[in-house]
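Take a look at the structure set out below.
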Protein chains: 2
Amino acid sequence: MDNHVRAARKIAQECACSRIRQASRVLTKIYDTQIRVTGLQESQLSVLVAVAHFGDNGATMGDLARALVMDRTTLTRNLKPIEKAGLVRVARSPHDARARVVLLSRAGERTIEAALPLWEKAQKEFRAALGAQFVERLRADLGGVIALGHKRED
Amino acid sequence: MDNHVRAARKIAQECACSRIRQASRVLTKIYDTQIRVTGLQESQLSVLVAVAHFGDNGATMGDLARALVMDRTTLTRNLKPIEKAGLVRVARSPHDARARVVLLSRAGERTIEAALPLWEKAQKEFRAALGAQFVERLRADLGGVIALGHKRED
DNA sequence: GTCATTTAGGTGTAGATACACCCATTCGTG
DNA sequence: CACGAATGGGTGTATCTACACCTAAATGAC
């Protein structure tokens with residue numbers, strides 16, 4: 001058999017990266033379908049939720065990017081749609097003229113509340129399909145991978 | 001405490017979708033960094049490998065999309081860069097005038113062979129960081145999520 | 001054989017992702 | 001305080017992702 005066929009077979013079967021991207025597409029579709037009526041995508045809800053986590057002082061772009069395990073420049077672009085929708089606002093930091101802080105608007109707060117039951121439906125759908133124990137194990141293991149990402153930033 | 005803060009905390013801590021997307025970004029970075037010298041990204045290598053899997057008869061767009069757990073229209077766009085690079089060619093199916101078949105070029109074969117050792121370095125790096133047992137469990141669990149995606153297509 | 005239905009696939013649009021590169025501000029050291 | 005280094009952040013470019021919508025060809029019922 002040709003070398004490239006052997007190589008292809010090995011990669012297709014064993015690649016952790018390819019697998020997690022495929023699984024990510026499956027999960028994203030489940031969640032996006034549920035929260036669709038809010039006008040949000042799961043990725044946007046994630047950002048909103050992270051902003052909420054930092055509270056009234058707001059989060060700097062860097063803070064948010066680290067919390068979301070997301071490239072700083074990706075966050076810049078991802079803020080655009082939810083800023084245009086009025087769910088967050090971006091202001092200059094009073095302490096550091098370089099920094100920008102992201103703040104949750106009242107509409108953003110309401111949107112999170114509105115999204116919660118829909119998110120829960122997605123979460124429940126996923127659990128029902130694969131079992132609570134499975135999902136819990138996966139969640140923990142993904143935490144390990146994410147921690148690896150944080151470690152690599154040093 | 002405000003409702004939206006409670007909701008945000010719950011979602012941030014428990015959302016499987018958000019987690020898998022974060023973990024996906026971490027893994028993608030590890031693999032992309034390693035195979036970078038081939039001029040490929042992991043996502044492109046995945047497509048190449050899937051094309052190779054279908055052999056000399058080629059794969060239709062639909063076949064490939066299903067194998068890659070990828071939206072059909074996403075595959076259309078993802079083929080562009082590797083087609084432009086001459087790694088695959090797309091031809092009309094002789095059996096069905098609607099269908100298009102994707103074929104691996106000689107350059108594509110060579111690229112897969114060249115990528116294999118780099119991919120193995122990434123795979124090894126991941127295993128070394130989190131343990132072979134961890135990675136194996138994760139791989140199996142991701143397979144479960146992917147299977148869920150296939151089931152949802154019916 | 002005709003025509004409605006199904007199937008295969010592309011395009012418009014919009015967002016998600018990140019690298020290379022850039023600018024501005026702050027900090028540390030002399 | 002002057003100035004080089006470090007820090008915070010945006011833009012250009014390219015790719016990845018997928019929904020809504022479209023076209024064309026094959027299929028099936030009559």
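Each chain in the structure tokens gets a letter, A, B, ..., in the order shown, and its residues are numbered from 1; ligands are numbered from 1 in order too.
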
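Distance criterion 6 Å to chain B, applied with only C-alpha atoms, yields A:His4, A:Ala8, A:Cys17, A:Ile20, A:Arg21, A:Gln22, A:Ala23, A:Ser24, A:Val26, A:Leu27, A:Thr28, A:Val49, A:Val69, A:Glu109, A:Ile112, A:Glu113, A:Leu142, A:Val145, A:Ile146, A:Gly149 on chain A.
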
Item to complete: May I have the residues of chain C within 9 Å of chain A, counting only C-alpha atoms (C1' of nucleotides), written as a PyMOL selection string?
Response: chain C and resi 15-18+24-26

Could you write out the selected residues, including C-alpha atoms (C1' of nucleotides), as a PDB file, in the first residue's frame?
ATOM      1  C1'  DG C  15     -19.723  35.701  11.671  1.00  0.00           C
ATOM      2  C1'  DA C  16     -15.446  33.031  13.964  1.00  0.00           C
ATOM      3  C1'  DT C  17     -10.523  32.339  13.935  1.00  0.00           C
ATOM      4  C1'  DA C  18      -5.762  33.821  14.128  1.00  0.00           C
ATOM      5  C1'  DA C  24       0.037  54.233  21.307  1.00  0.00           C
ATOM      6  C1'  DT C  25       0.784  54.219  26.140  1.00  0.00           C
ATOM      7  C1'  DT C  26       3.125  52.868  30.253  1.00  0.00           C
TER       8       DT C  26
END

Mind dumping a table of every chain D residue within 10 Å of chain A, with the nearest atom pair and its distance in Å to one decimal, using only C-alpha atoms (C1' of nucleotides), sorted by chain and rising number, as JSON lines?
{"residue": "D:DT7", "atom": "C1'", "partner": "A:Arg98", "partner_atom": "CA", "distance": 8.8}
{"residue": "D:DG8", "atom": "C1'", "partner": "A:Arg98", "partner_atom": "CA", "distance": 5.4}
{"residue": "D:DG9", "atom": "C1'", "partner": "A:Arg98", "partner_atom": "CA", "distance": 7.1}
{"residue": "D:DG10", "atom": "C1'", "partner": "A:Thr73", "partner_atom": "CA", "distance": 7.9}
{"residue": "D:DT11", "atom": "C1'", "partner": "A:Thr73", "partner_atom": "CA", "distance": 9.5}
{"residue": "D:DT17", "atom": "C1'", "partner": "A:Arg25", "partner_atom": "CA", "distance": 8.6}
{"residue": "D:DA18", "atom": "C1'", "partner": "A:Lys29", "partner_atom": "CA", "distance": 9.2}

Item to complete: Could you please write out, as a list in words, every residue of chain B that DSSP assigns to strand (DSSP E)?
Response: Ala59, Thr60, Val88, Arg89, Val90, Ala91, Arg92, Arg100, Val101, Val102, Leu103 and Leu104 of chain B

Please produce an output containing N, CA and C atoms for each residue in the selection, written as an mmCIF file, in the first residue's frame.
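The resulting again_28.cif:
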data_model
loop_
_atom_site.group_PDB
_atom_site.id
_atom_site.type_symbol
_atom_site.label_atom_id
_atom_site.label_comp_id
_atom_site.auth_asym_id
_atom_site.auth_seq_id
_atom_site.Cartn_x
_atom_site.Cartn_y
_atom_site.Cartn_z
ATOM 1 N N ALA B 59 -14.121 11.224 -4.119
ATOM 2 C CA ALA B 59 -15.263 11.353 -3.222
ATOM 3 C C ALA B 59 -16.137 12.487 -3.703
ATOM 4 N N THR B 60 -17.432 12.311 -3.620
ATOM 5 C CA THR B 60 -18.305 13.430 -3.947
ATOM 6 C C THR B 60 -18.279 14.425 -2.795
ATOM 7 N N VAL B 88 -5.450 18.989 -4.494
ATOM 8 C CA VAL B 88 -6.584 18.179 -4.955
ATOM 9 C C VAL B 88 -7.094 18.787 -6.256
ATOM 10 N N ARG B 89 -7.808 17.984 -7.019
ATOM 11 C CA ARG B 89 -8.508 18.544 -8.169
ATOM 12 C C ARG B 89 -9.961 18.075 -8.121
ATOM 13 N N VAL B 90 -10.812 18.914 -8.635
ATOM 14 C CA VAL B 90 -12.240 18.639 -8.599
ATOM 15 C C VAL B 90 -12.722 18.443 -10.022
ATOM 16 N N ALA B 91 -13.415 17.331 -10.256
ATOM 17 C CA ALA B 91 -13.898 17.027 -11.601
ATOM 18 C C ALA B 91 -15.362 16.624 -11.535
ATOM 19 N N ARG B 92 -16.015 16.657 -12.692
ATOM 20 C CA ARG B 92 -17.399 16.197 -12.727
ATOM 21 C C ARG B 92 -17.426 14.684 -12.633
ATOM 22 N N ARG B 100 -19.871 16.281 -8.180
ATOM 23 C CA ARG B 100 -18.463 16.574 -8.410
ATOM 24 C C ARG B 100 -17.645 15.638 -7.549
ATOM 25 N N VAL B 101 -16.549 15.163 -8.097
ATOM 26 C CA VAL B 101 -15.680 14.288 -7.316
ATOM 27 C C VAL B 101 -14.350 14.989 -7.057
ATOM 28 N N VAL B 102 -13.834 14.758 -5.861
ATOM 29 C CA VAL B 102 -12.574 15.370 -5.449
ATOM 30 C C VAL B 102 -11.498 14.296 -5.468
ATOM 31 N N LEU B 103 -10.374 14.605 -6.104
ATOM 32 C CA LEU B 103 -9.298 13.628 -6.250
ATOM 33 C C LEU B 103 -7.998 14.194 -5.710
ATOM 34 N N LEU B 104 -7.214 13.335 -5.084
ATOM 35 C CA LEU B 104 -5.924 13.739 -4.543
ATOM 36 C C LEU B 104 -4.901 13.783 -5.675
#

Worksheet item: Among stretch 46-100 of chain A, which residues carry a DSSP assignment of helix (DSSP H, G or I), reported as a PyMOL selection string?
Response: chain A and resi 46-57+61-67+72-84

Please produce an output containing N, CA and C atoms for each residue in the selection, written as a compact mmCIF listing (two decimals), in the first residue's frame.
# COMPACT_ATOMS: atom_id res chain seq x y z
N SER A 46 -21.28 33.16 24.82
CA SER A 46 -20.07 32.94 25.62
C SER A 46 -19.39 34.25 25.98
N VAL A 47 -19.31 35.13 24.99
CA VAL A 47 -18.65 36.41 25.24
C VAL A 47 -19.48 37.24 26.22
N LEU A 48 -20.77 37.28 26.00
CA LEU A 48 -21.67 38.02 26.91
C LEU A 48 -21.49 37.54 28.34
N VAL A 49 -21.48 36.23 28.49
CA VAL A 49 -21.40 35.63 29.81
C VAL A 49 -20.06 35.96 30.47
N ALA A 50 -19.02 35.97 29.66
CA ALA A 50 -17.70 36.31 30.20
C ALA A 50 -17.65 37.76 30.64
N VAL A 51 -18.29 38.63 29.86
CA VAL A 51 -18.34 40.04 30.23
C VAL A 51 -19.08 40.19 31.55
N ALA A 52 -20.19 39.48 31.67
CA ALA A 52 -20.98 39.54 32.90
C ALA A 52 -20.16 39.10 34.10
N HIS A 53 -19.31 38.13 33.87
CA HIS A 53 -18.50 37.58 34.95
C HIS A 53 -17.58 38.63 35.57
N PHE A 54 -17.16 39.62 34.77
CA PHE A 54 -16.23 40.62 35.27
C PHE A 54 -16.94 41.77 35.98
N GLY A 55 -18.27 41.80 35.85
CA GLY A 55 -19.03 42.75 36.65
C GLY A 55 -18.95 44.19 36.19
N ASP A 56 -19.26 45.10 37.10
CA ASP A 56 -19.49 46.49 36.75
C ASP A 56 -18.23 47.26 36.39
N ASN A 57 -17.07 46.78 36.80
CA ASN A 57 -15.85 47.48 36.42
C ASN A 57 -15.45 47.21 34.98
N MET A 61 -9.86 43.97 27.16
CA MET A 61 -9.82 43.03 26.05
C MET A 61 -8.94 41.82 26.41
N GLY A 62 -7.80 42.10 27.00
CA GLY A 62 -6.88 41.02 27.36
C GLY A 62 -7.48 40.08 28.39
N ASP A 63 -8.11 40.67 29.41
CA ASP A 63 -8.78 39.85 30.43
C ASP A 63 -9.77 38.90 29.78
N LEU A 64 -10.62 39.48 28.94
CA LEU A 64 -11.68 38.70 28.29
C LEU A 64 -11.09 37.60 27.42
N ALA A 65 -10.08 37.97 26.64
CA ALA A 65 -9.49 37.00 25.71
C ALA A 65 -8.91 35.82 26.50
N ARG A 66 -8.23 36.12 27.60
CA ARG A 66 -7.68 35.02 28.40
C ARG A 66 -8.79 34.17 28.99
N ALA A 67 -9.84 34.82 29.51
CA ALA A 67 -10.93 34.07 30.12
C ALA A 67 -11.63 33.18 29.09
N ARG A 72 -6.64 37.38 21.15
CA ARG A 72 -7.05 38.75 21.42
C ARG A 72 -7.68 39.40 20.19
N THR A 73 -7.10 39.13 19.02
CA THR A 73 -7.61 39.75 17.81
C THR A 73 -8.93 39.12 17.36
N THR A 74 -9.13 37.88 17.74
CA THR A 74 -10.41 37.24 17.45
C THR A 74 -11.51 37.90 18.27
N LEU A 75 -11.18 38.17 19.54
CA LEU A 75 -12.16 38.81 20.41
C LEU A 75 -12.57 40.17 19.86
N THR A 76 -11.60 40.91 19.35
CA THR A 76 -11.90 42.22 18.76
C THR A 76 -13.01 42.10 17.72
N ARG A 77 -12.87 41.11 16.84
CA ARG A 77 -13.89 40.93 15.80
C ARG A 77 -15.19 40.39 16.38
N ASN A 78 -15.09 39.48 17.34
CA ASN A 78 -16.29 38.85 17.89
C ASN A 78 -17.14 39.82 18.70
N LEU A 79 -16.51 40.89 19.17
CA LEU A 79 -17.29 41.88 19.92
C LEU A 79 -18.19 42.69 18.99
N LYS A 80 -17.78 42.84 17.77
CA LYS A 80 -18.51 43.69 16.83
C LYS A 80 -20.02 43.41 16.77
N PRO A 81 -20.43 42.16 16.48
CA PRO A 81 -21.88 41.93 16.35
C PRO A 81 -22.65 42.22 17.64
N ILE A 82 -22.11 41.84 18.80
CA ILE A 82 -22.88 42.07 20.02
C ILE A 82 -22.81 43.53 20.46
N GLU A 83 -21.79 44.23 19.99
CA GLU A 83 -21.74 45.67 20.28
C GLU A 83 -22.77 46.39 19.40
N LYS A 84 -22.81 45.96 18.13
CA LYS A 84 -23.77 46.56 17.19
C LYS A 84 -25.21 46.30 17.65

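Picture a line from atom CA of A:Val37 to atom C1' of D:DC21; it runs 20.1 Å.
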
Would you pick out the contacts of stretch 2-4 of chain D at 12 Å or less, using only C-alpha atoms (C1' of nucleotides), so that residues sharing its chain but fewer than 4 positions from it are not included, and give the list as a PDB file with N, CA and C atoms (P, O5', C5', C4', C3', O3' and C1' of nucleotides), in the first residue's frame?
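Result file out21.pdb:
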ATOM      1  P    DC C  27       2.272  52.560  34.437  1.00  0.00           P
ATOM      2  O5'  DC C  27       3.663  51.772  34.373  1.00  0.00           O
ATOM      3  C5'  DC C  27       3.773  50.633  33.553  1.00  0.00           C
ATOM      4  C4'  DC C  27       5.210  50.136  33.521  1.00  0.00           C
ATOM      5  C3'  DC C  27       6.041  50.512  34.751  1.00  0.00           C
ATOM      6  O3'  DC C  27       6.888  49.422  35.066  1.00  0.00           O
ATOM      7  C1'  DC C  27       7.062  51.369  32.813  1.00  0.00           C
ATOM      8  P    DG C  28       7.577  49.353  36.530  1.00  0.00           P
ATOM      9  O5'  DG C  28       9.109  49.120  36.176  1.00  0.00           O
ATOM     10  C5'  DG C  28       9.459  48.339  35.034  1.00  0.00           C
ATOM     11  C4'  DG C  28      10.874  48.682  34.590  1.00  0.00           C
ATOM     12  C3'  DG C  28      11.821  49.032  35.742  1.00  0.00           C
ATOM     13  O3'  DG C  28      13.093  48.469  35.457  1.00  0.00           O
ATOM     14  C1'  DG C  28      11.730  50.834  34.223  1.00  0.00           C
ATOM     15  P    DT C  29      14.187  48.258  36.633  1.00  0.00           P
ATOM     16  O5'  DT C  29      15.477  48.963  36.018  1.00  0.00           O
ATOM     17  C5'  DT C  29      15.712  48.876  34.608  1.00  0.00           C
ATOM     18  C4'  DT C  29      16.561  50.042  34.156  1.00  0.00           C
ATOM     19  C3'  DT C  29      17.551  50.549  35.219  1.00  0.00           C
ATOM     20  O3'  DT C  29      18.854  50.533  34.681  1.00  0.00           O
ATOM     21  C1'  DT C  29      16.360  52.352  34.234  1.00  0.00           C
ATOM     22  P    DG C  30      20.125  50.636  35.679  1.00  0.00           P
ATOM     23  O5'  DG C  30      20.833  52.012  35.302  1.00  0.00           O
ATOM     24  C5'  DG C  30      21.253  52.225  33.942  1.00  0.00           C
ATOM     25  C4'  DG C  30      21.244  53.710  33.633  1.00  0.00           C
ATOM     26  C3'  DG C  30      21.904  54.569  34.699  1.00  0.00           C
ATOM     27  O3'  DG C  30      23.321  54.660  34.439  1.00  0.00           O
ATOM     28  C1'  DG C  30      19.880  55.566  33.871  1.00  0.00           C
TER      29       DG C  30
END

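Coordinates place atom C1' of D:DA14 at a distance of 28.7 Å from atom CA of A:Leu87.
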
Worksheet item: What does the distance between atom C1' of D:DA29 and atom C1' of C:DG1 come to in Å, to one decimal place?
Response: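 Between atom C1' of D:DA29 and atom C1' of C:DG1 the gap is 12.2 Å.
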